[in-house]
$ cat input-v2.txt   # compact mmCIF, C-alpha atoms (C1' of nucleotides)
# COMPACT_ATOMS: atom_id res chain seq x y z
CA MET A 1 230.95 -21.05 -240.08
CA ILE A 2 234.44 -21.55 -238.74
CA THR A 3 235.12 -24.82 -236.95
CA TYR A 4 236.45 -24.88 -233.45
CA PRO A 5 239.86 -26.35 -234.27
CA ILE A 6 240.42 -23.63 -236.83
CA LEU A 7 239.31 -20.94 -234.43
CA LEU A 8 241.64 -22.36 -231.84
CA GLU A 9 244.56 -22.26 -234.26
CA LYS A 10 243.75 -18.71 -235.13
CA PHE A 11 243.72 -17.82 -231.47
CA LYS A 12 247.01 -19.56 -230.79
CA ALA A 13 248.61 -17.75 -233.69
CA LEU A 14 247.36 -14.44 -232.38
CA LEU A 15 248.75 -15.19 -228.97
CA LYS A 16 252.09 -16.17 -230.39
CA SER A 17 252.38 -13.09 -232.52
CA ASN A 18 251.80 -10.99 -229.41
CA SER A 19 254.20 -12.97 -227.20
CA LEU A 20 251.33 -14.13 -225.10
CA LYS A 21 250.88 -17.60 -223.74
CA PHE A 22 248.32 -20.22 -224.44
CA THR A 23 246.69 -21.28 -221.18
CA LYS A 24 243.96 -23.59 -220.07
CA GLN A 25 241.87 -20.67 -218.87
CA ARG A 26 242.12 -18.76 -222.10
CA GLU A 27 241.15 -21.81 -224.02
CA LEU A 28 238.10 -22.52 -221.88
CA ILE A 29 236.80 -19.01 -222.33
CA LEU A 30 237.23 -19.16 -226.07
CA LYS A 31 235.55 -22.55 -226.13
CA PHE A 32 232.70 -21.30 -224.03
CA LEU A 33 231.97 -18.50 -226.46
CA TYR A 34 232.23 -20.83 -229.38
CA GLU A 35 229.83 -23.37 -227.94
CA ASN A 36 227.27 -21.03 -226.49
CA GLU A 37 225.04 -19.00 -228.69
CA GLY A 38 223.95 -15.81 -227.02
CA HIS A 39 225.20 -12.91 -224.94
CA PHE A 40 226.89 -13.44 -221.60
CA THR A 41 228.23 -11.29 -218.80
CA PRO A 42 231.75 -11.99 -217.53
CA GLU A 43 230.05 -13.29 -214.39
CA ASP A 44 227.90 -15.69 -216.43
CA ILE A 45 230.92 -17.04 -218.21
CA TYR A 46 232.89 -17.38 -215.00
CA MET A 47 230.10 -19.26 -213.23
CA LEU A 48 229.29 -21.56 -216.11
CA ILE A 49 232.90 -22.51 -216.69
CA LYS A 50 233.37 -23.20 -212.99
CA LYS A 51 230.32 -25.40 -213.01
CA GLU A 52 231.32 -27.34 -216.09
CA TYR A 53 234.96 -27.73 -215.11
CA PRO A 54 234.99 -27.88 -211.30
CA ASP A 55 238.55 -29.09 -211.30
CA VAL A 56 239.93 -26.16 -213.27
CA ASN A 57 240.97 -23.18 -211.25
CA ILE A 58 239.71 -20.00 -212.78
CA GLY A 59 239.12 -16.53 -211.40
CA ILE A 60 236.79 -13.85 -212.58
CA THR A 61 239.75 -11.57 -213.09
CA THR A 62 241.02 -13.88 -215.78
CA VAL A 63 237.64 -13.92 -217.45
CA TYR A 64 237.67 -10.12 -217.63
CA ARG A 65 241.21 -10.05 -218.90
CA THR A 66 240.60 -12.68 -221.53
CA LEU A 67 237.37 -11.13 -222.77
CA THR A 68 239.14 -7.83 -223.22
CA LEU A 69 241.87 -9.60 -225.10
CA LEU A 70 239.41 -11.46 -227.31
CA GLU A 71 237.51 -8.32 -228.05
CA ASN A 72 240.65 -6.42 -228.97
CA GLU A 73 241.65 -9.22 -231.28
CA GLY A 74 238.26 -9.20 -232.94
CA ILE A 75 237.30 -12.66 -231.71
CA ALA A 76 234.64 -11.49 -229.30
CA SER A 77 232.36 -8.50 -229.27
CA SER A 78 230.32 -6.88 -226.54
CA ILE A 79 227.21 -4.85 -226.00
CA SER A 80 227.29 -2.38 -223.16
CA PHE A 81 224.45 -1.98 -220.68
CA GLY A 82 225.82 1.06 -218.91
CA VAL A 83 226.49 0.53 -215.21
CA GLN A 84 224.96 -2.90 -215.57
CA GLY A 85 228.06 -3.97 -217.42
CA LYS A 86 228.66 -5.68 -220.71
CA LYS A 87 227.61 -8.86 -222.40
CA TYR A 88 229.90 -10.73 -224.72
CA GLU A 89 229.44 -13.03 -227.67
CA LEU A 90 231.69 -14.63 -230.21
CA GLY A 91 232.48 -11.83 -232.59
CA LEU A 92 233.22 -13.65 -235.80
CA LYS A 93 229.86 -13.15 -237.39
CA LYS A 94 229.12 -10.31 -239.67
CA HIS A 95 228.61 -7.02 -237.88
CA HIS A 96 225.11 -6.68 -236.53
CA ASP A 97 223.04 -4.52 -234.23
CA HIS A 98 220.66 -5.34 -231.43
CA LEU A 99 217.08 -5.07 -230.33
CA ILE A 100 216.90 -5.21 -226.54
CA CYS A 101 213.77 -5.96 -224.56
CA THR A 102 213.62 -3.97 -221.35
CA SER A 103 211.15 -6.35 -219.82
CA CYS A 104 212.64 -9.82 -220.28
CA GLY A 105 216.17 -8.86 -221.32
CA LYS A 106 215.93 -10.72 -224.60
CA ILE A 107 218.42 -9.65 -227.24
CA ILE A 108 217.62 -9.98 -230.92
CA GLU A 109 220.30 -9.46 -233.51
CA PHE A 110 219.71 -7.86 -236.84
CA TYR A 111 221.65 -6.64 -239.78
CA ASP A 112 220.43 -3.94 -242.08
CA ASP A 113 222.27 -2.83 -245.15
CA THR A 114 220.52 0.48 -245.46
CA ILE A 115 221.60 1.43 -241.98
CA GLU A 116 225.14 0.28 -242.52
CA ARG A 117 225.50 2.30 -245.68
CA GLN A 118 223.89 5.33 -244.17
CA GLN A 119 226.31 5.28 -241.27
CA GLU A 120 229.20 5.36 -243.64
CA LYS A 121 227.73 8.30 -245.41
CA ILE A 122 227.29 10.19 -242.19
CA ALA A 123 230.85 9.52 -241.08
CA GLU A 124 232.02 10.78 -244.44
CA LYS A 125 229.92 13.88 -244.22
CA TYR A 126 231.60 14.85 -240.97
CA ASN A 127 235.07 13.80 -242.10
CA PHE A 128 235.01 11.24 -239.40
CA LYS A 129 237.16 8.12 -239.60
CA MET A 130 234.71 5.53 -238.35
CA THR A 131 236.27 2.67 -236.42
CA ASP A 132 233.14 1.26 -234.91
CA HIS A 133 229.47 1.87 -234.58
CA THR A 134 226.66 0.55 -232.49
CA MET A 135 222.96 0.77 -232.67
CA LYS A 136 220.48 -0.36 -230.09
CA ILE A 137 216.75 -0.44 -230.41
CA ILE A 138 215.25 -0.52 -226.95
CA GLY A 139 211.69 -1.55 -226.24
CA LEU A 140 209.41 -4.48 -225.65
CA CYS A 141 209.67 -7.71 -227.55
CA GLU A 142 206.67 -9.36 -229.11
CA LYS A 143 205.98 -11.55 -226.10
CA CYS A 144 206.35 -8.83 -223.49
CA ARG A 145 204.31 -6.23 -225.32
CA ASN A 146 201.39 -8.64 -225.46
CA GLN A 147 201.54 -9.33 -221.75
CA LYS A 148 200.85 -5.73 -220.86
CA MET B 1 214.14 27.57 -229.16
CA ILE B 2 212.37 27.67 -225.83
CA THR B 3 213.29 30.51 -223.49
CA TYR B 4 214.51 29.85 -220.00
CA PRO B 5 211.49 31.31 -218.19
CA ILE B 6 209.20 29.09 -220.21
CA LEU B 7 211.34 26.04 -219.59
CA LEU B 8 211.31 26.86 -215.91
CA GLU B 9 207.54 27.08 -215.88
CA LYS B 10 207.30 23.80 -217.66
CA PHE B 11 209.58 22.23 -215.08
CA LYS B 12 207.62 23.68 -212.17
CA ALA B 13 204.41 22.37 -213.66
CA LEU B 14 205.90 18.93 -214.03
CA LEU B 15 207.07 18.97 -210.46
CA LYS B 16 203.69 20.04 -209.21
CA SER B 17 201.85 17.39 -211.18
CA ASN B 18 204.07 14.79 -209.57
CA SER B 19 203.80 16.22 -206.04
CA LEU B 20 207.46 17.08 -206.13
CA LYS B 21 208.95 20.25 -204.79
CA PHE B 22 210.71 23.06 -206.49
CA THR B 23 214.11 23.57 -204.90
CA LYS B 24 217.12 25.75 -205.42
CA GLN B 25 219.24 22.75 -206.36
CA ARG B 26 216.84 21.46 -208.94
CA GLU B 27 216.61 24.88 -210.48
CA LEU B 28 220.38 25.30 -210.70
CA ILE B 29 220.79 21.99 -212.47
CA LEU B 30 218.09 22.83 -214.97
CA LYS B 31 219.63 26.24 -215.51
CA PHE B 32 223.05 24.74 -215.99
CA LEU B 33 221.83 22.48 -218.75
CA TYR B 34 219.96 25.31 -220.36
CA GLU B 35 222.93 27.62 -220.38
CA ASN B 36 225.63 25.16 -221.34
CA GLU B 37 225.75 23.68 -224.76
CA GLY B 38 227.37 20.28 -224.76
CA HIS B 39 227.49 17.01 -222.91
CA PHE B 40 228.36 16.81 -219.24
CA THR B 41 228.92 14.13 -216.65
CA PRO B 42 227.13 14.43 -213.32
CA GLU B 43 230.52 15.20 -211.84
CA ASP B 44 231.08 18.03 -214.34
CA ILE B 45 227.74 19.56 -213.50
CA TYR B 46 228.32 19.22 -209.79
CA MET B 47 231.75 20.85 -209.93
CA LEU B 48 230.72 23.68 -212.21
CA ILE B 49 227.68 24.56 -210.16
CA LYS B 50 229.73 24.54 -206.97
CA LYS B 51 232.25 26.82 -208.57
CA GLU B 52 229.70 29.26 -209.93
CA TYR B 53 227.56 29.30 -206.77
CA PRO B 54 229.98 28.74 -203.89
CA ASP B 55 227.35 29.78 -201.39
CA VAL B 56 224.78 27.21 -202.47
CA ASN B 57 225.01 23.86 -200.80
CA ILE B 58 224.75 21.07 -203.30
CA GLY B 59 225.77 17.43 -203.25
CA ILE B 60 226.58 15.12 -206.08
CA THR B 61 223.79 12.85 -204.93
CA THR B 62 221.28 15.56 -205.74
CA VAL B 63 222.83 16.04 -209.15
CA TYR B 64 222.38 12.35 -209.90
CA ARG B 65 218.85 12.36 -208.60
CA THR B 66 217.87 15.45 -210.51
CA LEU B 67 219.40 14.31 -213.77
CA THR B 68 217.49 11.07 -213.54
CA LEU B 69 214.35 13.05 -212.89
CA LEU B 70 214.97 15.40 -215.80
CA GLU B 71 215.68 12.52 -218.11
CA ASN B 72 212.53 10.69 -217.10
CA GLU B 73 210.53 13.83 -217.71
CA GLY B 74 212.08 14.27 -221.13
CA ILE B 75 213.88 17.48 -220.24
CA ALA B 76 217.36 16.01 -220.35
CA SER B 77 218.87 13.16 -222.29
CA SER B 78 222.01 11.15 -221.84
CA ILE B 79 224.57 9.19 -223.77
CA SER B 80 226.08 6.23 -222.03
CA PHE B 81 229.79 5.49 -222.07
CA GLY B 82 229.55 2.09 -220.42
CA VAL B 83 231.33 1.85 -217.09
CA GLN B 84 232.71 5.31 -217.72
CA GLY B 85 229.29 6.67 -216.97
CA LYS B 86 226.89 8.96 -218.75
CA LYS B 87 226.90 12.45 -220.15
CA TYR B 88 223.84 14.62 -220.08
CA GLU B 89 222.51 17.44 -222.18
CA LEU B 90 219.30 19.39 -222.38
CA GLY B 91 216.95 17.03 -224.12
CA LEU B 92 214.47 19.37 -225.72
CA LYS B 93 215.93 19.24 -229.16
CA LYS B 94 214.79 16.81 -231.75
CA HIS B 95 216.10 13.30 -231.29
CA HIS B 96 219.59 12.89 -232.62
CA ASP B 97 222.50 10.49 -232.61
CA HIS B 98 226.18 10.95 -231.93
CA LEU B 99 229.60 10.72 -233.46
CA ILE B 100 232.18 10.20 -230.74
CA CYS B 101 235.89 10.82 -231.17
CA THR B 102 237.95 8.30 -229.23
CA SER B 103 240.98 10.55 -229.29
CA CYS B 104 239.76 13.94 -228.06
CA GLY B 105 236.35 12.94 -226.73
CA LYS B 106 234.53 15.34 -228.99
CA ILE B 107 230.87 14.60 -229.52
CA ILE B 108 229.13 15.60 -232.73
CA GLU B 109 225.38 15.39 -233.01
CA PHE B 110 223.57 14.41 -236.13
CA TYR B 111 220.11 13.59 -237.25
CA ASP B 112 219.35 11.38 -240.19
CA ASP B 113 215.90 10.70 -241.48
CA THR B 114 216.84 7.59 -243.38
CA ILE B 115 218.21 6.00 -240.26
CA GLU B 116 215.24 7.00 -238.17
CA ARG B 117 212.79 5.53 -240.62
CA GLN B 118 214.82 2.40 -241.05
CA GLN B 119 214.86 1.82 -237.32
CA GLU B 120 211.10 1.95 -237.21
CA LYS B 121 210.89 -0.55 -240.00
CA ILE B 122 213.21 -2.93 -238.20
CA ALA B 123 211.26 -2.69 -234.96
CA GLU B 124 208.12 -3.44 -236.90
CA LYS B 125 209.66 -6.38 -238.63
CA TYR B 126 210.44 -8.00 -235.28
CA ASN B 127 207.13 -6.99 -233.71
CA PHE B 128 209.07 -4.91 -231.29
CA LYS B 129 207.52 -1.96 -229.53
CA MET B 130 210.35 0.54 -229.74
CA THR B 131 210.58 2.92 -226.82
CA ASP B 132 214.03 4.26 -227.50
CA HIS B 133 216.99 3.83 -229.74
CA THR B 134 220.56 4.96 -229.80
CA MET B 135 223.23 5.00 -232.36
CA LYS B 136 226.86 5.83 -231.89
CA ILE B 137 229.49 6.20 -234.52
CA ILE B 138 232.87 5.78 -232.92
CA GLY B 139 236.10 6.91 -234.51
CA LEU B 140 238.40 9.83 -235.07
CA CYS B 141 237.19 13.31 -235.75
CA GLU B 142 238.56 15.36 -238.58
CA LYS B 143 241.16 17.06 -236.43
CA CYS B 144 242.43 13.91 -234.71
CA ARG B 145 242.61 11.81 -237.86
CA ASN B 146 244.86 14.38 -239.42
CA GLN B 147 247.21 14.42 -236.46
CA LYS B 148 248.07 10.78 -236.86
C1' DA C 1 265.45 -19.69 -216.71
C1' DT C 2 262.71 -16.28 -218.22
C1' DT C 3 258.56 -14.30 -219.32
C1' DC C 4 254.00 -14.19 -219.00
C1' DT C 5 249.63 -15.56 -216.20
C1' DT C 6 246.96 -16.52 -212.62
C1' DG C 7 243.88 -15.88 -208.50
C1' DC C 8 243.26 -13.32 -204.61
C1' DA C 9 242.33 -9.30 -202.15
C1' DA C 10 242.23 -4.61 -202.24
C1' DA C 11 241.36 -0.63 -204.78
C1' DT C 12 238.64 2.13 -208.16
C1' DC C 13 235.04 4.19 -210.46
C1' DC C 14 230.36 5.48 -211.01
C1' DT C 15 226.06 5.31 -208.86
C1' DT C 16 222.58 4.32 -205.28
C1' DT C 17 220.76 3.99 -200.63
C1' DG C 18 219.83 4.92 -195.58
C1' DC C 19 219.09 8.36 -192.72
C1' DA C 20 218.72 12.51 -189.80
C1' DG C 21 218.13 17.16 -190.37
C1' DG C 22 216.31 20.88 -193.44
C1' DT C 23 213.05 22.92 -196.79
C1' DC C 24 208.86 23.59 -199.46
C1' DA C 25 203.83 23.97 -199.87
C1' DT D 1 202.43 20.70 -190.04
C1' DG D 2 203.37 17.13 -193.21
C1' DA D 3 205.44 15.62 -197.33
C1' DC D 4 209.24 15.88 -199.78
C1' DC D 5 214.51 16.93 -200.25
C1' DT D 6 218.97 17.38 -199.11
C1' DG D 7 223.90 16.15 -198.09
C1' DC D 8 226.66 12.96 -196.01
C1' DA D 9 228.60 8.67 -195.36
C1' DA D 10 228.22 4.05 -196.33
C1' DA D 11 226.96 0.53 -199.49
C1' DG D 12 226.72 -1.40 -204.08
C1' DG D 13 228.05 -3.51 -208.41
C1' DA D 14 231.19 -3.91 -212.23
C1' DT D 15 235.81 -3.73 -213.33
C1' DT D 16 240.83 -3.06 -212.59
C1' DT D 17 245.24 -3.34 -210.25
C1' DG D 18 249.21 -4.95 -207.23
C1' DC D 19 251.40 -8.81 -206.16
C1' DA D 20 253.42 -13.25 -205.00
C1' DA D 21 252.99 -17.84 -206.53
C1' DG D 22 252.47 -20.76 -210.65
C1' DA D 23 252.50 -22.20 -215.58
C1' DA D 24 254.14 -21.86 -220.36
C1' DT D 25 257.89 -21.52 -223.63
$ encode --input "input-v2.txt" --output "C-alpha cells"
Amino acid sequence: MITYPILLEKFKALLKSNSLKFTKQRELILKFLYENEGHFTPEDIYMLIKKEYPDVNIGITTVYRTLTLLENEGIASSISFGVQGKKYELGLKKHHDHLICTSCGKIIEFYDDTIERQQEKIAEKYNFKMTDHTMKIIGLCEKCRNQK
Amino acid sequence: MITYPILLEKFKALLKSNSLKFTKQRELILKFLYENEGHFTPEDIYMLIKKEYPDVNIGITTVYRTLTLLENEGIASSISFGVQGKKYELGLKKHHDHLICTSCGKIIEFYDDTIERQQEKIAEKYNFKMTDHTMKIIGLCEKCRNQK
DNA sequence: ATTCTTGCAAATCCTTTGCAGGTCA
DNA sequence: TGACCTGCAAAGGATTTGCAAGAAT
C-alpha cells in the first residue's frame, strides 16, 4: 500500500500540474481519507475533521469541492445512494464493487474477475467505450438477515 | 408481451388488494409507461401526459407517488442517476442492466446470464440475502465515440 | 501582486410532506 | 358516507454557485 507521504507528494504534483494550490483544507481531507477505512458522506468528513481539528476553519463547501477534485484525479472514489447522496473512500485500491445492506447500511467490498471480464465483453459487444462501471448488490447482510 | 388491457386488470387487482383506488391519474401514468419505450424522468412523464391530455388535471406529486407505487408493485423499474434523479420504465421485462452513454445520454439495455449467476454466487459467498442488484456500464456509445 | 481558495449565504435540483378539497367504492 | 387521492405550496436534503475576504505562489 502507498504510504501517506508518497500519496501527499502525488497529490501536490497533481495540484501543481493543474495550477491549483496546496491548502490546509485540501490536505486534511486527503489525510482523512487515507487514515479512515470505510465509506463516508461529505457531511461525515466535514464533521469529523471539524471535531479533530477545532482550530482549523473548514466549510462543507470545501469538502464537496475537494472530494470532487479527488475523485476526478482518481484519488478518491464514490458510491452513489441516489437522493441520499454519495459516500467516498480513498480510491487507490484496485477497482471493486459493493454489497450494501439495506437494514444496517453496512458496505462490503468485493472484487470478482469473472464479472470484470464479462463487463468488458459486453461493452465490446455493443461497441461501447467503457470508462467506468459500477455494480451494487443490495440486500441483507449476514447479521441482519438472521435478526428477522 | 402482455397486452394493455391485461396489464390494466393486473394493476386494478393490485390496487384493490391493497385497498387503494383506481384513478384517472394512475391509469394515465401506467398507460404512458406501457406505450412509451424508453427511460423517463418523473418530470418527463408529467410533461408529456399534460401535453397529451391537456384537460386532465395532474400534478408532479402524483407522478412521483404513482411511480413509487408502480415500482414497489414490480410494474415499473428505475435506474438511478445519483442527485440527477431517476428514470423509469415499464418493469415487466426480464431483469436487465444498462449501458449509459455519458455524451448523448443514450441507455442500452442488456442481459447477461454469466453476470447474473456470478452475482448470486457472490451474495452467497458473503452470506448476503440479495434483494436487488444493479449494474451500470458507463462510457461512450458507438456513435459518440466515433465523433471524438 | 496575482491567482486561486475559502466560507458563507443563497440558490438549485429532485423529492417529499402537510393539508384542504375532491374522488372513488 | 368514509377511505383514499389529488394538487398545491411549502419543506426537505444534498449539492452548487456567487461573492468578497483570505491564503498560496
$ calpha_fit_and_write --input "input-v2.txt" --fixed "chain B" --moving "chain A" --output "tab-separated table (two decimals) with C-alpha atoms, in the coordinates of the input"
chain	number	residue	atom	x	y	z
A	1	MET	CA	213.99	27.40	-229.17
A	2	ILE	CA	212.22	27.48	-225.84
A	3	THR	CA	213.10	30.35	-223.53
A	4	TYR	CA	214.34	29.74	-220.05
A	5	PRO	CA	211.32	31.16	-218.22
A	6	ILE	CA	209.04	28.90	-220.22
A	7	LEU	CA	211.23	25.89	-219.59
A	8	LEU	CA	211.22	26.72	-215.92
A	9	GLU	CA	207.43	26.90	-215.86
A	10	LYS	CA	207.22	23.60	-217.61
A	11	PHE	CA	209.53	22.09	-215.05
A	12	LYS	CA	207.58	23.52	-212.13
A	13	ALA	CA	204.37	22.17	-213.57
A	14	LEU	CA	205.91	18.74	-213.94
A	15	LEU	CA	207.10	18.82	-210.37
A	16	LYS	CA	203.71	19.87	-209.12
A	17	SER	CA	201.89	17.19	-211.03
A	18	ASN	CA	204.17	14.61	-209.43
A	19	SER	CA	203.91	16.06	-205.90
A	20	LEU	CA	207.53	16.97	-205.99
A	21	LYS	CA	209.01	20.17	-204.70
A	22	PHE	CA	210.71	23.00	-206.44
A	23	THR	CA	214.13	23.55	-204.88
A	24	LYS	CA	217.10	25.76	-205.43
A	25	GLN	CA	219.24	22.79	-206.36
A	26	ARG	CA	216.83	21.46	-208.93
A	27	GLU	CA	216.57	24.84	-210.48
A	28	LEU	CA	220.33	25.32	-210.73
A	29	ILE	CA	220.76	22.01	-212.49
A	30	LEU	CA	218.05	22.79	-214.98
A	31	LYS	CA	219.55	26.21	-215.55
A	32	PHE	CA	222.98	24.76	-216.02
A	33	LEU	CA	221.76	22.46	-218.77
A	34	TYR	CA	219.86	25.25	-220.39
A	35	GLU	CA	222.81	27.62	-220.45
A	36	ASN	CA	225.52	25.19	-221.40
A	37	GLU	CA	225.66	23.69	-224.81
A	38	GLY	CA	227.32	20.31	-224.80
A	39	HIS	CA	227.48	17.04	-222.91
A	40	PHE	CA	228.38	16.89	-219.24
A	41	THR	CA	228.99	14.22	-216.64
A	42	PRO	CA	227.17	14.52	-213.31
A	43	GLU	CA	230.58	15.33	-211.85
A	44	ASP	CA	231.09	18.15	-214.36
A	45	ILE	CA	227.75	19.64	-213.52
A	46	TYR	CA	228.33	19.32	-209.80
A	47	MET	CA	231.74	21.00	-209.97
A	48	LEU	CA	230.68	23.80	-212.26
A	49	ILE	CA	227.63	24.66	-210.21
A	50	LYS	CA	229.69	24.67	-207.03
A	51	LYS	CA	232.17	26.99	-208.65
A	52	GLU	CA	229.58	29.38	-209.98
A	53	TYR	CA	227.46	29.42	-206.84
A	54	PRO	CA	229.90	28.90	-203.95
A	55	ASP	CA	227.27	29.91	-201.46
A	56	VAL	CA	224.73	27.31	-202.53
A	57	ASN	CA	225.01	23.97	-200.84
A	58	ILE	CA	224.75	21.17	-203.32
A	59	GLY	CA	225.82	17.55	-203.24
A	60	ILE	CA	226.64	15.23	-206.06
A	61	THR	CA	223.88	12.93	-204.91
A	62	THR	CA	221.36	15.61	-205.72
A	63	VAL	CA	222.87	16.11	-209.14
A	64	TYR	CA	222.45	12.40	-209.88
A	65	ARG	CA	218.93	12.38	-208.56
A	66	THR	CA	217.90	15.46	-210.48
A	67	LEU	CA	219.45	14.31	-213.74
A	68	THR	CA	217.56	11.05	-213.48
A	69	LEU	CA	214.41	12.99	-212.84
A	70	LEU	CA	215.01	15.32	-215.77
A	71	GLU	CA	215.74	12.46	-218.06
A	72	ASN	CA	212.61	10.59	-217.04
A	73	GLU	CA	210.58	13.70	-217.66
A	74	GLY	CA	212.10	14.14	-221.08
A	75	ILE	CA	213.88	17.37	-220.21
A	76	ALA	CA	217.37	15.93	-220.32
A	77	SER	CA	218.91	13.10	-222.26
A	78	SER	CA	222.09	11.13	-221.80
A	79	ILE	CA	224.66	9.20	-223.74
A	80	SER	CA	226.23	6.27	-221.97
A	81	PHE	CA	229.96	5.58	-222.02
A	82	GLY	CA	229.82	2.22	-220.31
A	83	VAL	CA	231.73	2.06	-217.03
A	84	GLN	CA	232.92	5.57	-217.72
A	85	GLY	CA	229.45	6.79	-216.93
A	86	LYS	CA	227.01	9.02	-218.72
A	87	LYS	CA	226.97	12.49	-220.13
A	88	TYR	CA	223.87	14.62	-220.08
A	89	GLU	CA	222.50	17.42	-222.20
A	90	LEU	CA	219.28	19.33	-222.38
A	91	GLY	CA	216.93	16.95	-224.11
A	92	LEU	CA	214.45	19.26	-225.73
A	93	LYS	CA	215.95	19.21	-229.17
A	94	LYS	CA	214.84	16.85	-231.82
A	95	HIS	CA	216.13	13.33	-231.35
A	96	HIS	CA	219.64	12.93	-232.65
A	97	ASP	CA	222.53	10.51	-232.62
A	98	HIS	CA	226.21	10.95	-231.93
A	99	LEU	CA	229.63	10.67	-233.46
A	100	ILE	CA	232.21	10.15	-230.73
A	101	CYS	CA	235.92	10.70	-231.14
A	102	THR	CA	237.95	8.19	-229.17
A	103	SER	CA	240.99	10.39	-229.23
A	104	CYS	CA	239.82	13.81	-228.04
A	105	GLY	CA	236.39	12.87	-226.70
A	106	LYS	CA	234.61	15.28	-228.99
A	107	ILE	CA	230.93	14.57	-229.54
A	108	ILE	CA	229.21	15.57	-232.75
A	109	GLU	CA	225.46	15.38	-233.04
A	110	PHE	CA	223.65	14.42	-236.17
A	111	TYR	CA	220.19	13.63	-237.32
A	112	ASP	CA	219.44	11.44	-240.26
A	113	ASP	CA	215.98	10.79	-241.55
A	114	THR	CA	216.87	7.68	-243.46
A	115	ILE	CA	218.21	6.08	-240.32
A	116	GLU	CA	215.25	7.13	-238.25
A	117	ARG	CA	212.79	5.68	-240.71
A	118	GLN	CA	214.76	2.52	-241.12
A	119	GLN	CA	214.78	1.94	-237.39
A	120	GLU	CA	211.05	2.13	-237.31
A	121	LYS	CA	210.81	-0.38	-240.06
A	122	ILE	CA	213.07	-2.78	-238.25
A	123	ALA	CA	211.12	-2.49	-235.02
A	124	GLU	CA	207.97	-3.20	-236.98
A	125	LYS	CA	209.48	-6.18	-238.68
A	126	TYR	CA	210.21	-7.79	-235.33
A	127	ASN	CA	206.92	-6.73	-233.77
A	128	PHE	CA	208.89	-4.68	-231.37
A	129	LYS	CA	207.36	-1.68	-229.62
A	130	MET	CA	210.22	0.77	-229.84
A	131	THR	CA	210.49	3.17	-226.92
A	132	ASP	CA	213.95	4.45	-227.58
A	133	HIS	CA	216.92	3.97	-229.80
A	134	THR	CA	220.50	5.04	-229.83
A	135	MET	CA	223.20	5.04	-232.38
A	136	LYS	CA	226.83	5.83	-231.87
A	137	ILE	CA	229.48	6.14	-234.50
A	138	ILE	CA	232.85	5.69	-232.87
A	139	GLY	CA	236.10	6.76	-234.46
A	140	LEU	CA	238.44	9.65	-235.01
A	141	CYS	CA	237.26	13.14	-235.73
A	142	GLU	CA	238.68	15.19	-238.55
A	143	LYS	CA	241.30	16.85	-236.39
A	144	CYS	CA	242.49	13.70	-234.65
A	145	ARG	CA	242.67	11.56	-237.76
A	146	ASN	CA	244.99	14.10	-239.35
A	147	GLN	CA	247.31	14.13	-236.37
A	148	LYS	CA	248.14	10.47	-236.74
$ residues_near_point --input "input-v2.txt" --point "(227.7, 12.0, -192.1)" --cutoff "12 Å" --atoms "all atoms listed in the file" --output "compact mmCIF listing (two decimals) with C-alpha atoms (C1' of nucleotides), in the frame of the given file"
# COMPACT_ATOMS: atom_id res chain seq x y z
C1' DG C 18 219.83 4.92 -195.58
C1' DC C 19 219.09 8.36 -192.72
C1' DA C 20 218.72 12.51 -189.80
C1' DG C 21 218.13 17.16 -190.37
C1' DG D 7 223.90 16.15 -198.09
C1' DC D 8 226.66 12.96 -196.01
C1' DA D 9 228.60 8.67 -195.36
C1' DA D 10 228.22 4.05 -196.33
$ residues_around --input "input-v2.txt" --residues "Glu71 (chain A)" --least-positions-apart "3" --cutoff "10 Å" --atoms "all atoms listed in the file" --output "ChimeraX atom specification"
/A:66-68,74-78,88-91
$ interface_residues --input "input-v2.txt" --of "chain A" --to "chain C" --cutoff "8 Å" --atoms "only C-alpha atoms (C1' of nucleotides)" --output "ChimeraX atom specification"
/A:20-21,58-59,61-62,83
$ interface_residues --input "input-v2.txt" --of "chain B" --to "chain A" --cutoff "8 Å" --atoms "all atoms listed in the file" --output "ChimeraX atom specification"
/B:80-83,85-86,99,114-115,118-119,123,126-142,145
$ atom_distance --input "input-v2.txt" --atom1 "CA of Lys87 (chain B)" --atom2 "CA of Thr41 (chain B)"
4.4 Å
$ atom_distance --input "input-v2.txt" --atom1 "CA of Ile45 (chain B)" --atom2 "CA of Phe32 (chain B)"
7.4 Å
$ atom_distance --input "input-v2.txt" --atom1 "CA of Arg65 (chain B)" --atom2 "CA of Lys106 (chain A)"
28.2 Å
$ closest_residue --input "input-v2.txt" --among "B:Pro5, B:Leu48, B:Phe40, B:Val56" --to "chain D" --atoms "only C-alpha atoms (C1' of nucleotides)"
B:Val56
$ closest_residue --input "input-v2.txt" --among "A:Lys121, A:Lys50, A:Glu43, A:Glu109" --to "chain D" --atoms "all atoms listed in the file"
A:Glu43
$ interface_residues --input "input-v2.txt" --of "chain D" --to "chain A" --cutoff "9 Å" --atoms "all atoms listed in the file" --output "number ranges by chain"
D: 13-16, 23-25
$ axis_aligned_box --input "input-v2.txt" --around "region 6-25 of chain C" --padding-each-side "3 Å" --output "lines of an AutoDock Vina configuration file"
center_x = 225.4
center_y = 3.7
center_z = -201.2
size_x = 49.1
size_y = 46.5
size_z = 28.8
$ residues_around --input "input-v2.txt" --residues "Phe11 (chain A)" --least-positions-apart "3" --cutoff "9 Å" --atoms "all atoms listed in the file" --output "list of chain:residue names"
A:Ile6, A:Leu7, A:Leu8, A:Leu14, A:Leu15, A:Lys16, A:Phe22, A:Glu27, A:Leu30, A:Leu70, A:Glu73, A:Ile75
